>>> print(open('final38.cif').read())   # mmCIF, C-alpha atoms; chains and numbers go by the auth columns
data_run
loop_
_atom_site.group_PDB
_atom_site.id
_atom_site.type_symbol
_atom_site.label_atom_id
_atom_site.label_comp_id
_atom_site.label_asym_id
_atom_site.label_seq_id
_atom_site.Cartn_x
_atom_site.Cartn_y
_atom_site.Cartn_z
_atom_site.B_iso_or_equiv
_atom_site.auth_seq_id
_atom_site.auth_asym_id
ATOM 1 C CA MET A 1 0.000 0.000 0.000 0.00 1 H
ATOM 2 C CA ARG A 2 0.977 3.577 -0.625 0.00 2 H
ATOM 3 C CA TYR A 3 -0.392 6.631 1.145 0.00 3 H
ATOM 4 C CA PHE A 4 -1.004 10.281 0.359 0.00 4 H
ATOM 5 C CA ASN A 5 -2.374 13.262 2.259 0.00 5 H
ATOM 6 C CA SER A 6 -5.782 14.466 1.068 0.00 6 H
ATOM 7 C CA GLU A 7 -6.098 17.820 2.863 0.00 7 H
ATOM 8 C CA GLY A 8 -5.128 16.291 6.187 0.00 8 H
ATOM 9 C CA VAL A 9 -6.658 12.824 5.697 0.00 9 H
ATOM 10 C CA SER A 10 -4.343 9.872 5.109 0.00 10 H
ATOM 11 C CA ILE A 11 -5.590 7.861 2.121 0.00 11 H
ATOM 12 C CA ALA A 12 -4.227 4.416 1.217 0.00 12 H
ATOM 13 C CA TYR A 13 -4.032 3.441 -2.442 0.00 13 H
ATOM 14 C CA ILE A 14 -2.522 1.130 -5.030 0.00 14 H
ATOM 15 C CA ASP A 15 -1.176 2.023 -8.474 0.00 15 H
ATOM 16 C CA VAL A 16 -0.816 -1.027 -10.715 0.00 16 H
ATOM 17 C CA PRO A 17 0.711 -0.714 -14.200 0.00 17 H
ATOM 18 C CA PRO A 18 -0.721 -2.593 -17.166 0.00 18 H
ATOM 19 C CA HIS A 19 0.815 -5.935 -18.101 0.00 19 H
ATOM 20 C CA GLU A 20 2.214 -4.367 -21.252 0.00 20 H
ATOM 21 C CA GLY A 21 2.862 -0.820 -22.408 0.00 21 H
ATOM 22 C CA GLN A 22 1.910 2.460 -20.739 0.00 22 H
ATOM 23 C CA GLY A 23 -1.869 2.110 -20.502 0.00 23 H
ATOM 24 C CA ASP A 24 -4.596 4.660 -19.882 0.00 24 H
ATOM 25 C CA PRO A 25 -5.506 5.081 -16.189 0.00 25 H
ATOM 26 C CA ILE A 26 -8.739 3.954 -14.593 0.00 26 H
ATOM 27 C CA LEU A 27 -9.643 5.029 -11.051 0.00 27 H
ATOM 28 C CA LEU A 28 -11.660 2.532 -8.982 0.00 28 H
ATOM 29 C CA ILE A 29 -13.832 3.630 -6.032 0.00 29 H
ATOM 30 C CA HIS A 30 -15.196 0.895 -3.757 0.00 30 H
ATOM 31 C CA GLY A 31 -18.468 0.551 -1.892 0.00 31 H
ATOM 32 C CA PHE A 32 -19.578 1.002 1.700 0.00 32 H
ATOM 33 C CA ALA A 33 -17.908 -1.233 4.321 0.00 33 H
ATOM 34 C CA SER A 34 -15.599 -2.608 1.653 0.00 34 H
ATOM 35 C CA ASN A 35 -12.057 -1.638 0.653 0.00 35 H
ATOM 36 C CA HIS A 36 -9.936 -1.675 -2.486 0.00 36 H
ATOM 37 C CA ALA A 37 -8.853 -5.291 -1.917 0.00 37 H
ATOM 38 C CA VAL A 38 -12.300 -6.778 -1.288 0.00 38 H
ATOM 39 C CA ASN A 39 -14.031 -4.792 -4.029 0.00 39 H
ATOM 40 C CA TRP A 40 -11.385 -4.803 -6.759 0.00 40 H
ATOM 41 C CA VAL A 41 -8.485 -7.171 -6.075 0.00 41 H
ATOM 42 C CA ASN A 42 -10.270 -10.248 -4.725 0.00 42 H
ATOM 43 C CA THR A 43 -12.895 -10.021 -7.481 0.00 43 H
ATOM 44 C CA LEU A 44 -10.067 -10.028 -10.082 0.00 44 H
ATOM 45 C CA TRP A 45 -10.989 -6.601 -11.427 0.00 45 H
ATOM 46 C CA VAL A 46 -7.414 -5.347 -11.090 0.00 46 H
ATOM 47 C CA LYS A 47 -6.094 -8.408 -12.910 0.00 47 H
ATOM 48 C CA THR A 48 -8.745 -8.112 -15.633 0.00 48 H
ATOM 49 C CA LEU A 49 -8.098 -4.426 -16.267 0.00 49 H
ATOM 50 C CA THR A 50 -4.295 -4.564 -16.192 0.00 50 H
ATOM 51 C CA ARG A 51 -4.348 -7.510 -18.591 0.00 51 H
ATOM 52 C CA ALA A 52 -6.552 -5.435 -20.885 0.00 52 H
ATOM 53 C CA GLY A 53 -3.872 -2.743 -20.913 0.00 53 H
ATOM 54 C CA TYR A 54 -5.085 -0.269 -18.276 0.00 54 H
ATOM 55 C CA ARG A 55 -3.211 1.357 -15.421 0.00 55 H
ATOM 56 C CA VAL A 56 -5.322 0.660 -12.342 0.00 56 H
ATOM 57 C CA VAL A 57 -5.466 3.109 -9.454 0.00 57 H
ATOM 58 C CA ALA A 58 -7.657 2.155 -6.486 0.00 58 H
ATOM 59 C CA PHE A 59 -7.909 3.592 -2.994 0.00 59 H
ATOM 60 C CA ASP A 60 -9.543 2.911 0.354 0.00 60 H
ATOM 61 C CA ASN A 61 -12.225 5.524 0.969 0.00 61 H
ATOM 62 C CA ARG A 62 -11.792 7.614 4.101 0.00 62 H
ATOM 63 C CA GLY A 63 -13.031 5.605 7.076 0.00 63 H
ATOM 64 C CA HIS A 64 -12.398 2.329 5.249 0.00 64 H
ATOM 65 C CA GLY A 65 -9.610 -0.202 4.841 0.00 65 H
ATOM 66 C CA GLN A 66 -6.191 1.244 5.616 0.00 66 H
ATOM 67 C CA SER A 67 -7.207 4.880 5.168 0.00 67 H
ATOM 68 C CA GLU A 68 -7.676 7.184 8.133 0.00 68 H
ATOM 69 C CA LYS A 69 -10.779 6.671 10.265 0.00 69 H
ATOM 70 C CA LEU A 70 -12.927 9.730 10.932 0.00 70 H
ATOM 71 C CA TYR A 71 -15.905 9.909 13.275 0.00 71 H
ATOM 72 C CA ASP A 72 -17.615 13.174 12.287 0.00 72 H
ATOM 73 C CA PRO A 73 -20.416 12.495 9.775 0.00 73 H
ATOM 74 C CA ALA A 74 -19.625 15.801 8.046 0.00 74 H
ATOM 75 C CA ALA A 75 -16.269 14.353 6.978 0.00 75 H
ATOM 76 C CA TYR A 76 -18.102 11.877 4.728 0.00 76 H
ATOM 77 C CA ASN A 77 -20.024 14.287 2.526 0.00 77 H
ATOM 78 C CA SER A 78 -20.055 12.694 -0.927 0.00 78 H
ATOM 79 C CA TYR A 79 -18.357 15.727 -2.455 0.00 79 H
ATOM 80 C CA ARG A 80 -15.525 15.460 0.066 0.00 80 H
ATOM 81 C CA MET A 81 -15.080 11.804 -0.773 0.00 81 H
ATOM 82 C CA ALA A 82 -15.074 12.643 -4.481 0.00 82 H
ATOM 83 C CA GLU A 83 -12.364 15.235 -3.807 0.00 83 H
ATOM 84 C CA ASP A 84 -10.183 12.451 -2.376 0.00 84 H
ATOM 85 C CA GLY A 85 -10.316 10.819 -5.803 0.00 85 H
ATOM 86 C CA CYS A 86 -9.421 14.073 -7.552 0.00 86 H
ATOM 87 C CA ARG A 87 -6.504 14.684 -5.197 0.00 87 H
ATOM 88 C CA LEU A 88 -5.213 11.166 -5.770 0.00 88 H
ATOM 89 C CA LEU A 89 -5.137 11.876 -9.508 0.00 89 H
ATOM 90 C CA ASP A 90 -3.272 15.107 -8.708 0.00 90 H
ATOM 91 C CA HIS A 91 -0.840 13.216 -6.476 0.00 91 H
ATOM 92 C CA LEU A 92 -0.066 10.772 -9.278 0.00 92 H
ATOM 93 C CA GLY A 93 0.107 13.434 -11.983 0.00 93 H
ATOM 94 C CA ILE A 94 -2.861 11.971 -13.865 0.00 94 H
ATOM 95 C CA GLY A 95 -4.796 14.562 -15.816 0.00 95 H
ATOM 96 C CA LYS A 96 -7.761 12.439 -16.862 0.00 96 H
ATOM 97 C CA ALA A 97 -8.968 8.907 -16.121 0.00 97 H
ATOM 98 C CA ASP A 98 -11.903 6.606 -16.613 0.00 98 H
ATOM 99 C CA VAL A 99 -13.602 6.417 -13.206 0.00 99 H
ATOM 100 C CA MET A 100 -15.532 3.362 -12.024 0.00 100 H
ATOM 101 C CA GLY A 101 -17.352 3.089 -8.725 0.00 101 H
ATOM 102 C CA TYR A 102 -19.491 0.412 -7.140 0.00 102 H
ATOM 103 C CA SER A 103 -22.488 1.095 -4.868 0.00 103 H
ATOM 104 C CA MET A 104 -21.434 3.976 -2.576 0.00 104 H
ATOM 105 C CA GLY A 105 -18.386 4.281 -4.819 0.00 105 H
ATOM 106 C CA ALA A 106 -20.704 4.866 -7.774 0.00 106 H
ATOM 107 C CA ARG A 107 -22.446 7.642 -5.837 0.00 107 H
ATOM 108 C CA ILE A 108 -19.043 9.212 -5.164 0.00 108 H
ATOM 109 C CA THR A 109 -18.167 8.834 -8.856 0.00 109 H
ATOM 110 C CA ALA A 110 -21.329 10.696 -9.868 0.00 110 H
ATOM 111 C CA HIS A 111 -20.473 13.529 -7.486 0.00 111 H
ATOM 112 C CA MET A 112 -16.976 13.624 -8.980 0.00 112 H
ATOM 113 C CA ALA A 113 -18.567 14.006 -12.418 0.00 113 H
ATOM 114 C CA LEU A 114 -20.353 17.137 -11.175 0.00 114 H
ATOM 115 C CA ILE A 115 -17.322 18.827 -9.593 0.00 115 H
ATOM 116 C CA ALA A 116 -14.540 17.689 -11.933 0.00 116 H
ATOM 117 C CA PRO A 117 -15.845 16.315 -15.254 0.00 117 H
ATOM 118 C CA GLU A 118 -12.666 17.520 -16.940 0.00 118 H
ATOM 119 C CA ARG A 119 -10.725 14.890 -14.945 0.00 119 H
ATOM 120 C CA MET A 120 -12.863 12.030 -16.252 0.00 120 H
ATOM 121 C CA ARG A 121 -12.765 10.293 -19.627 0.00 121 H
ATOM 122 C CA SER A 122 -15.861 8.262 -18.785 0.00 122 H
ATOM 123 C CA MET A 123 -18.068 7.342 -15.818 0.00 123 H
ATOM 124 C CA LEU A 124 -18.904 3.763 -14.859 0.00 124 H
ATOM 125 C CA LEU A 125 -21.582 3.278 -12.207 0.00 125 H
ATOM 126 C CA GLY A 126 -21.921 -0.256 -10.837 0.00 126 H
ATOM 127 C CA GLY A 127 -24.430 -1.370 -8.230 0.00 127 H
ATOM 128 C CA LEU A 128 -26.309 1.931 -8.346 0.00 128 H
ATOM 129 C CA GLY A 129 -29.363 2.737 -10.414 0.00 129 H
ATOM 130 C CA ILE A 130 -32.231 5.156 -9.971 0.00 130 H
ATOM 131 C CA HIS A 131 -31.566 5.301 -6.220 0.00 131 H
ATOM 132 C CA LEU A 132 -28.868 7.838 -7.109 0.00 132 H
ATOM 133 C CA VAL A 133 -31.737 10.324 -7.436 0.00 133 H
ATOM 134 C CA GLU A 134 -34.628 8.587 -5.672 0.00 134 H
ATOM 135 C CA GLY A 135 -33.672 8.197 -2.043 0.00 135 H
ATOM 136 C CA VAL A 136 -30.372 8.868 -0.330 0.00 136 H
ATOM 137 C CA GLY A 137 -28.430 5.655 -0.596 0.00 137 H
ATOM 138 C CA LEU A 138 -28.465 2.955 2.028 0.00 138 H
ATOM 139 C CA PRO A 139 -31.145 3.135 4.739 0.00 139 H
ATOM 140 C CA LEU A 140 -30.142 5.148 7.797 0.00 140 H
ATOM 141 C CA GLY A 141 -30.805 2.008 9.836 0.00 141 H
ATOM 142 C CA ILE A 142 -27.516 0.631 8.512 0.00 142 H
ATOM 143 C CA ALA A 143 -25.747 3.138 10.763 0.00 143 H
ATOM 144 C CA ASP A 144 -27.689 1.798 13.744 0.00 144 H
ATOM 145 C CA ALA A 145 -26.700 -1.717 12.708 0.00 145 H
ATOM 146 C CA MET A 146 -23.042 -0.757 13.003 0.00 146 H
ATOM 147 C CA GLU A 147 -23.541 0.370 16.591 0.00 147 H
ATOM 148 C CA VAL A 148 -25.347 -2.573 18.199 0.00 148 H
ATOM 149 C CA ARG A 149 -23.198 -4.837 20.309 0.00 149 H
ATOM 150 C CA SER A 150 -23.746 -7.943 18.243 0.00 150 H
ATOM 151 C CA LEU A 151 -25.118 -9.173 14.934 0.00 151 H
ATOM 152 C CA ASP A 152 -27.491 -11.321 16.992 0.00 152 H
ATOM 153 C CA GLU A 153 -29.411 -8.194 18.020 0.00 153 H
ATOM 154 C CA LEU A 154 -30.474 -7.498 14.422 0.00 154 H
ATOM 155 C CA THR A 155 -33.506 -8.979 12.660 0.00 155 H
ATOM 156 C CA ASP A 156 -33.787 -6.766 9.545 0.00 156 H
ATOM 157 C CA PRO A 157 -32.188 -8.673 6.618 0.00 157 H
ATOM 158 C CA MET A 158 -30.444 -5.642 5.103 0.00 158 H
ATOM 159 C CA GLN A 159 -29.096 -4.500 8.472 0.00 159 H
ATOM 160 C CA ARG A 160 -27.791 -8.008 9.113 0.00 160 H
ATOM 161 C CA MET A 161 -26.226 -8.233 5.653 0.00 161 H
ATOM 162 C CA PHE A 162 -24.245 -5.013 5.988 0.00 162 H
ATOM 163 C CA ARG A 163 -23.220 -5.624 9.618 0.00 163 H
ATOM 164 C CA ALA A 164 -21.982 -9.103 8.725 0.00 164 H
ATOM 165 C CA PHE A 165 -20.101 -7.726 5.709 0.00 165 H
ATOM 166 C CA ALA A 166 -18.516 -4.988 7.829 0.00 166 H
ATOM 167 C CA GLU A 167 -17.336 -7.569 10.349 0.00 167 H
ATOM 168 C CA GLN A 168 -16.042 -9.800 7.567 0.00 168 H
ATOM 169 C CA THR A 169 -13.952 -6.958 6.131 0.00 169 H
ATOM 170 C CA GLY A 170 -12.596 -6.018 9.570 0.00 170 H
ATOM 171 C CA SER A 171 -14.052 -2.529 9.317 0.00 171 H
ATOM 172 C CA ASP A 172 -14.146 0.191 11.979 0.00 172 H
ATOM 173 C CA LEU A 173 -17.863 0.077 12.812 0.00 173 H
ATOM 174 C CA LYS A 174 -17.959 3.521 14.428 0.00 174 H
ATOM 175 C CA ALA A 175 -16.396 5.106 11.329 0.00 175 H
ATOM 176 C CA LEU A 176 -18.887 3.308 9.093 0.00 176 H
ATOM 177 C CA ALA A 177 -21.818 4.611 11.138 0.00 177 H
ATOM 178 C CA ALA A 178 -20.503 8.157 10.673 0.00 178 H
ATOM 179 C CA CYS A 179 -20.040 7.490 6.951 0.00 179 H
ATOM 180 C CA ILE A 180 -23.661 6.402 6.462 0.00 180 H
ATOM 181 C CA ARG A 181 -24.927 9.443 8.340 0.00 181 H
ATOM 182 C CA GLY A 182 -22.723 11.875 6.442 0.00 182 H
ATOM 183 C CA SER A 183 -22.882 10.626 2.859 0.00 183 H
ATOM 184 C CA ARG A 184 -26.601 10.974 2.266 0.00 184 H
ATOM 185 C CA GLN A 185 -26.534 13.552 -0.512 0.00 185 H
ATOM 186 C CA VAL A 186 -29.096 13.027 -3.251 0.00 186 H
ATOM 187 C CA LEU A 187 -28.645 14.247 -6.825 0.00 187 H
ATOM 188 C CA THR A 188 -31.563 15.864 -8.617 0.00 188 H
ATOM 189 C CA PRO A 189 -32.674 14.611 -12.038 0.00 189 H
ATOM 190 C CA GLU A 190 -31.408 17.933 -13.431 0.00 190 H
ATOM 191 C CA GLU A 191 -27.943 17.413 -11.938 0.00 191 H
ATOM 192 C CA VAL A 192 -27.762 13.892 -13.335 0.00 192 H
ATOM 193 C CA ALA A 193 -28.951 15.117 -16.733 0.00 193 H
ATOM 194 C CA SER A 194 -26.127 17.684 -16.772 0.00 194 H
ATOM 195 C CA ILE A 195 -23.517 14.904 -16.818 0.00 195 H
ATOM 196 C CA THR A 196 -22.492 14.495 -20.446 0.00 196 H
ATOM 197 C CA LEU A 197 -19.664 11.990 -19.948 0.00 197 H
ATOM 198 C CA PRO A 198 -19.926 8.616 -21.680 0.00 198 H
ATOM 199 C CA THR A 199 -21.537 6.506 -18.948 0.00 199 H
ATOM 200 C CA LEU A 200 -22.176 2.840 -18.225 0.00 200 H
ATOM 201 C CA VAL A 201 -24.754 1.893 -15.562 0.00 201 H
ATOM 202 C CA SER A 202 -24.390 -1.756 -14.481 0.00 202 H
ATOM 203 C CA VAL A 203 -26.873 -3.335 -12.051 0.00 203 H
ATOM 204 C CA GLY A 204 -27.727 -6.946 -11.226 0.00 204 H
ATOM 205 C CA THR A 205 -31.220 -8.075 -12.170 0.00 205 H
ATOM 206 C CA LYS A 206 -31.740 -9.376 -8.607 0.00 206 H
ATOM 207 C CA ASP A 207 -30.264 -6.287 -6.920 0.00 207 H
ATOM 208 C CA ASP A 208 -32.753 -4.921 -4.368 0.00 208 H
ATOM 209 C CA VAL A 209 -30.415 -2.167 -3.133 0.00 209 H
ATOM 210 C CA SER A 210 -29.561 -0.121 -6.229 0.00 210 H
ATOM 211 C CA GLY A 211 -32.831 0.638 -7.948 0.00 211 H
ATOM 212 C CA SER A 212 -33.306 0.297 -11.693 0.00 212 H
ATOM 213 C CA GLY A 213 -30.194 0.762 -13.832 0.00 213 H
ATOM 214 C CA PRO A 214 -32.116 1.460 -17.061 0.00 214 H
ATOM 215 C CA GLU A 215 -34.195 4.152 -15.326 0.00 215 H
ATOM 216 C CA LEU A 216 -31.045 5.987 -14.249 0.00 216 H
ATOM 217 C CA ALA A 217 -29.436 5.554 -17.667 0.00 217 H
ATOM 218 C CA LYS A 218 -32.455 7.266 -19.271 0.00 218 H
ATOM 219 C CA LEU A 219 -31.682 10.426 -17.278 0.00 219 H
ATOM 220 C CA ILE A 220 -28.027 10.654 -18.386 0.00 220 H
ATOM 221 C CA PRO A 221 -27.572 11.881 -21.975 0.00 221 H
ATOM 222 C CA ASN A 222 -24.723 9.560 -22.984 0.00 222 H
ATOM 223 C CA ALA A 223 -25.486 6.556 -20.788 0.00 223 H
ATOM 224 C CA THR A 224 -25.890 2.868 -21.552 0.00 224 H
ATOM 225 C CA ALA A 225 -27.473 0.365 -19.160 0.00 225 H
ATOM 226 C CA LEU A 226 -25.991 -3.079 -18.569 0.00 226 H
ATOM 227 C CA ASP A 227 -28.124 -5.738 -16.882 0.00 227 H
ATOM 228 C CA ILE A 228 -26.123 -8.341 -14.952 0.00 228 H
ATOM 229 C CA PRO A 229 -28.381 -11.422 -15.143 0.00 229 H
ATOM 230 C CA GLY A 230 -29.327 -13.286 -11.988 0.00 230 H
ATOM 231 C CA ARG A 231 -27.002 -11.351 -9.699 0.00 231 H
ATOM 232 C CA ASP A 232 -27.845 -9.506 -6.482 0.00 232 H
ATOM 233 C CA HIS A 233 -26.025 -6.456 -5.106 0.00 233 H
ATOM 234 C CA ASN A 234 -23.079 -8.405 -3.726 0.00 234 H
ATOM 235 C CA LEU A 235 -22.592 -10.977 -6.478 0.00 235 H
ATOM 236 C CA ALA A 236 -22.889 -8.535 -9.380 0.00 236 H
ATOM 237 C CA VAL A 237 -19.546 -6.908 -8.528 0.00 237 H
ATOM 238 C CA GLY A 238 -17.207 -9.510 -9.976 0.00 238 H
ATOM 239 C CA ASP A 239 -19.596 -11.164 -12.414 0.00 239 H
ATOM 240 C CA LYS A 240 -18.140 -12.071 -15.839 0.00 240 H
ATOM 241 C CA VAL A 241 -20.964 -10.274 -17.674 0.00 241 H
ATOM 242 C CA HIS A 242 -20.126 -7.137 -15.675 0.00 242 H
ATOM 243 C CA LYS A 243 -16.429 -7.410 -16.518 0.00 243 H
ATOM 244 C CA GLN A 244 -16.993 -8.000 -20.229 0.00 244 H
ATOM 245 C CA GLY A 245 -19.503 -5.169 -20.417 0.00 245 H
ATOM 246 C CA VAL A 246 -17.013 -2.790 -18.820 0.00 246 H
ATOM 247 C CA LEU A 247 -14.184 -3.879 -21.125 0.00 247 H
ATOM 248 C CA ASP A 248 -16.403 -3.446 -24.184 0.00 248 H
ATOM 249 C CA PHE A 249 -17.498 -0.002 -22.988 0.00 249 H
ATOM 250 C CA LEU A 250 -13.946 1.145 -22.266 0.00 250 H
ATOM 251 C CA ALA A 251 -12.744 -0.094 -25.653 0.00 251 H
ATOM 252 C CA GLN A 252 -15.261 2.231 -27.321 0.00 252 H
ATOM 253 C CA GLN A 253 -13.890 5.361 -25.650 0.00 253 H
ATOM 254 C CA PRO A 254 -11.402 7.589 -27.515 0.00 254 H
ATOM 255 C CA ARG A 255 -7.880 7.111 -26.233 0.00 255 H
ATOM 256 C CA THR A 256 -4.950 9.480 -25.984 0.00 256 H
#
>>> encode(input="final38.cif", output="structure tokens")
Amino acid sequence: MRYFNSEGVSIAYIDVPPHEGQGDPILLIHGFASNHAVNWVNTLWVKTLTRAGYRVVAFDNRGHGQSEKLYDPAAYNSYRMAEDGCRLLDHLGIGKADVMGYSMGARITAHMALIAPERMRSMLLGGLGIHLVEGVGLPLGIADAMEVRSLDELTDPMQRMFRAFAEQTGSDLKALAACIRGSRQVLTPEEVASITLPTLVSVGTKDDVSGSGPELAKLIPNATALDIPGRDHNLAVGDKVHKQGVLDFLAQQPRT
């Protein structure tokens, strides 16, 4: 792991060169309670993308993985988290990159597209559909689930799923509770419609967290929807249909 300072917050990241050649950069932003390894390395995304000729940059969001843990919800505003991605590109001297996020990472990616579209070649939103504009992400009860003493105290299936995942990834539960409470910014349909970047929206057909991918894609001028057949929110991440769809989409984008 490498680290850089994002306006006082220590952010951990990896920078993996392509198997051959120089390679255009792609920035990967992981989901809630995950980290770069669980979301992108273990699912073989990094291997897939570097073999396809891309330079892969991925980081642990603030409050996650090996990045600094913060306990003030205000520190997790989605725009602040998007700025971490922009500053990482600055740190590495990367002017423009494809940016792909999953779940909360997709929400951060969309916010990045509003504040710094000039830094992005394309936008790839995985595990997030119309809930980007309808609703404010994960239910607030997920924060409560991070604060109970034990998983055994929870009966709600979604609360149990995220608490179990957070424990599995060895996450700081107090930091995650602050993250849920602070990253609840919703984008308006007008804001989403103002994003003109080439966009891919990829959602599993059994995903009950993200909302409809095609509905979101209809709001974004240059967006394409990708259905990931038979996959729920967790299993869609590393699915082969997802990977091939992303590679096909990236191959269509103009390169430097």
>>> residues_around(input="final38.cif", residues="Ile29 in chain H", least_positions_apart="6", cutoff="7 Å", atoms="all atoms listed in the file", output="MDAnalysis selection string")
chainID H and resid 58:59 100:102 105
>>> atom_distance(input="final38.cif", atom1="CA of Glu68 in chain H", atom2="CA of Lys174 in chain H")
12.6 Å
>>> residues_near_point(input="final38.cif", point="(-17.5, 14.2, -3.7)", cutoff="6 Å", atoms="only C-alpha atoms", output="PDB file with C-alpha atoms, in the coordinates of the input")
ATOM      1  CA  SER H  78     -20.055  12.694  -0.927  1.00  0.00           C
ATOM      2  CA  TYR H  79     -18.357  15.727  -2.455  1.00  0.00           C
ATOM      3  CA  ARG H  80     -15.525  15.460   0.066  1.00  0.00           C
ATOM      4  CA  MET H  81     -15.080  11.804  -0.773  1.00  0.00           C
ATOM      5  CA  ALA H  82     -15.074  12.643  -4.481  1.00  0.00           C
ATOM      6  CA  GLU H  83     -12.364  15.235  -3.807  1.00  0.00           C
ATOM      7  CA  ILE H 108     -19.043   9.212  -5.164  1.00  0.00           C
ATOM      8  CA  HIS H 111     -20.473  13.529  -7.486  1.00  0.00           C
ATOM      9  CA  MET H 112     -16.976  13.624  -8.980  1.00  0.00           C
TER      10      MET H 112
END
>>> closest_residue(input="final38.cif", among="H:Val241, H:Val133, H:Val203, H:Ala33", to="Ala225 in chain H", atoms="all atoms listed in the file")
H:Val203
>>> axis_aligned_box(input="final38.cif", around="range 206-213 of chain H", padding_each_side="3 Å", output="lines of an AutoDock Vina configuration file")
center_x = -31.4
center_y = -4.3
center_z = -8.5
size_x = 9.7
size_y = 16.1
size_z = 16.7
>>> residues_around(input="final38.cif", residues="range 45-47 of chain H", least_positions_apart="3", cutoff="12 Å", atoms="all atoms listed in the file", output="MDAnalysis selection string")
chainID H and resid 14:19 25:30 36:42 50:58 100:102 237:240 242:244 246:247
>>> write_last_selection(input="final38.cif", atoms="C-alpha atoms", output="JSON list (two decimals), in the coordinates of the input")
[["chain", "number", "residue", "atom", "x", "y", "z"],
["H", 14, "ILE", "CA", -2.52, 1.13, -5.03],
["H", 15, "ASP", "CA", -1.18, 2.02, -8.47],
["H", 16, "VAL", "CA", -0.82, -1.03, -10.72],
["H", 17, "PRO", "CA", 0.71, -0.71, -14.20],
["H", 18, "PRO", "CA", -0.72, -2.59, -17.17],
["H", 19, "HIS", "CA", 0.82, -5.94, -18.10],
["H", 25, "PRO", "CA", -5.51, 5.08, -16.19],
["H", 26, "ILE", "CA", -8.74, 3.95, -14.59],
["H", 27, "LEU", "CA", -9.64, 5.03, -11.05],
["H", 28, "LEU", "CA", -11.66, 2.53, -8.98],
["H", 29, "ILE", "CA", -13.83, 3.63, -6.03],
["H", 30, "HIS", "CA", -15.20, 0.90, -3.76],
["H", 36, "HIS", "CA", -9.94, -1.68, -2.49],
["H", 37, "ALA", "CA", -8.85, -5.29, -1.92],
["H", 38, "VAL", "CA", -12.30, -6.78, -1.29],
["H", 39, "ASN", "CA", -14.03, -4.79, -4.03],
["H", 40, "TRP", "CA", -11.38, -4.80, -6.76],
["H", 41, "VAL", "CA", -8.48, -7.17, -6.08],
["H", 42, "ASN", "CA", -10.27, -10.25, -4.72],
["H", 50, "THR", "CA", -4.30, -4.56, -16.19],
["H", 51, "ARG", "CA", -4.35, -7.51, -18.59],
["H", 52, "ALA", "CA", -6.55, -5.44, -20.88],
["H", 53, "GLY", "CA", -3.87, -2.74, -20.91],
["H", 54, "TYR", "CA", -5.08, -0.27, -18.28],
["H", 55, "ARG", "CA", -3.21, 1.36, -15.42],
["H", 56, "VAL", "CA", -5.32, 0.66, -12.34],
["H", 57, "VAL", "CA", -5.47, 3.11, -9.45],
["H", 58, "ALA", "CA", -7.66, 2.15, -6.49],
["H", 100, "MET", "CA", -15.53, 3.36, -12.02],
["H", 101, "GLY", "CA", -17.35, 3.09, -8.72],
["H", 102, "TYR", "CA", -19.49, 0.41, -7.14],
["H", 237, "VAL", "CA", -19.55, -6.91, -8.53],
["H", 238, "GLY", "CA", -17.21, -9.51, -9.98],
["H", 239, "ASP", "CA", -19.60, -11.16, -12.41],
["H", 240, "LYS", "CA", -18.14, -12.07, -15.84],
["H", 242, "HIS", "CA", -20.13, -7.14, -15.68],
["H", 243, "LYS", "CA", -16.43, -7.41, -16.52],
["H", 244, "GLN", "CA", -16.99, -8.00, -20.23],
["H", 246, "VAL", "CA", -17.01, -2.79, -18.82],
["H", 247, "LEU", "CA", -14.18, -3.88, -21.12]]
>>> residues_around(input="final38.cif", residues="Val9 in chain H", least_positions_apart="3", cutoff="9 Å", atoms="all atoms listed in the file", output="count of residues only")
9
>>> resolve_selection(input="final38.cif", expression="the PyMOL selection byres ((chain H and resi 2) around 6)", output="count of residues only")
4
>>> residues_around(input="final38.cif", residues="range 159-166 of chain H", least_positions_apart="4", cutoff="6 Å", atoms="all atoms listed in the file", output="PDB file with C-alpha atoms, in the coordinates of the input")
ATOM      1  CA  ALA H  33     -17.908  -1.233   4.321  1.00  0.00           C
ATOM      2  CA  ILE H 142     -27.516   0.631   8.512  1.00  0.00           C
ATOM      3  CA  ALA H 145     -26.700  -1.717  12.708  1.00  0.00           C
ATOM      4  CA  MET H 146     -23.042  -0.757  13.003  1.00  0.00           C
ATOM      5  CA  LEU H 154     -30.474  -7.498  14.422  1.00  0.00           C
ATOM      6  CA  SER H 171     -14.052  -2.529   9.317  1.00  0.00           C
TER       7      SER H 171
END
>>> residues_near_point(input="final38.cif", point="(-25.4, 1.0, -14.9)", cutoff="8 Å", atoms="only C-alpha atoms", output="list in words")
Leu124, Leu125, Gly126, Gly127, Leu128, Gly129, Thr199, Leu200, Val201, Ser202, Val203, Gly213, Pro214, Leu216, Ala217, Thr224, Ala225, Leu226 and Asp227 of chain H
>>> resolve_selection(input="final38.cif", expression="the PyMOL selection byres ((chain H and resi 230) around 10)", output="number ranges by chain")
H: 204-207, 227-229, 231-232, 235-236, 239
>>> atom_distance(input="final38.cif", atom1="CA of Ala175 in chain H", atom2="CA of Tyr71 in chain H")
5.2 Å
>>> atom_distance(input="final38.cif", atom1="CA of Gln253 in chain H", atom2="CA of Leu92 in chain H")
22.1 Å
>>> resolve_selection(input="final38.cif", expression="the PyMOL selection byres ((chain H and resi 194) around 10)", output="ChimeraX atom specification")
/H:113-114,188-193,195-197,219-221
>>> residues_around(input="final38.cif", residues="Tyr76 in chain H", least_positions_apart="5", cutoff="7 Å", atoms="only C-alpha atoms", output="list in words")
Met81, Cys179, Gly182 and Ser183 of chain H
>>> closest_residue(input="final38.cif", among="H:Thr109, H:Ser150, H:Asn77, H:Asn61", to="Ile180 in chain H", atoms="all atoms listed in the file")
H:Asn77
>>> closest_residue(input="final38.cif", among="H:Pro139, H:Asp60, H:Asp98, H:Ala116", to="Phe249 in chain H", atoms="only C-alpha atoms")
H:Asp98
>>> closest_residue(input="final38.cif", among="H:Ile94, H:Ala223, H:Leu88, H:Leu173", to="Gly23 in chain H", atoms="all atoms listed in the file")
H:Ile94
